[in-house]
Amino acid sequence: WTVPLQAMSVGGTWRVLVVDAFSPNELGRRRSKSFLRLIRDALRVASQSTSFHVLVIGATELDELVFDRAQKEDVNIQALQGFATVDLSFVGGDDLVPWNPAVSRLLAFINQCVVAGTPLLGDEVLIVFLNF
């Protein structure tokens, strides 16, 4: 990581969000477990200098964190406040294309991370969405 871990943490604890966009089938669940294990192992190495609170959510559960012009102002304020509590995000998934309306919230979340400068790491799905 190019940013020192202490630079963004509050009280020595990072709030980490993991977006699980893997398929619900058996292969997708295996890939999800592997992705989560990789993150856990990386955080364990980093945990020598800081601690982490990790929340894992599905790609369809991002409504509470994503700004949406179609929503009321108070809903967007709550979404942005929730988003502001995240220090580091991971996105992993399979068989997703960014133009699919079913993953529009994931695309909006990734865009929001880029605009806000929130550290964002992920697998090939993230790379495809960033290039879209």
# chains A, B, ... in the order shown; residues from 1 in each chain; ligands from 1
call {"tool": "select_by_dssp", "arguments": {"residues": "stretch 26-111 of chain A", "states": "helix (DSSP H, G or I)", "output": "number ranges by chain"}}
result
A: 26-46, 59-61, 63-65, 73-84, 101-111
call {"tool": "residues_around", "arguments": {"residues": "stretch 97-112 of chain A", "least_positions_apart": "4", "cutoff": "10 Å", "atoms": "only C-alpha atoms", "output": "VMD selection string"}}
result
chain A and resid 19 21 58 to 63 65 to 68 80 83 89 to 91 116 to 118 120 125 to 126 128 to 132
call {"tool": "select_by_dssp", "arguments": {"residues": "chain A", "states": "strand (DSSP E)", "output": "VMD selection string"}}
result
chain A and resid 13 to 21 51 to 58 88 to 93 120 to 122
call {"tool": "residues_around", "arguments": {"residues": "A:Phe35", "least_positions_apart": "4", "cutoff": "8 Å", "atoms": "only C-alpha atoms", "output": "PyMOL selection string"}}
result
chain A and resi 31+39+92
call {"tool": "atom_distance", "arguments": {"atom1": "atom CA of A:Leu38", "atom2": "atom CA of A:Val16"}}
result
13.9 Å
call {"tool": "closest_residue", "arguments": {"among": "A:Asp94, A:Pro119, A:Ile127, A:Trp14", "to": "A:Ser51", "atoms": "only C-alpha atoms"}}
result
A:Trp14
call {"tool": "residues_around", "arguments": {"residues": "A:Gly93", "least_positions_apart": "4", "cutoff": "8 Å", "atoms": "only C-alpha atoms", "output": "list in words"}}
result
Asp20, Ala21, Phe22, Ser23, Gly28, Ser32, Asp123, Glu124 and Val125 of chain A
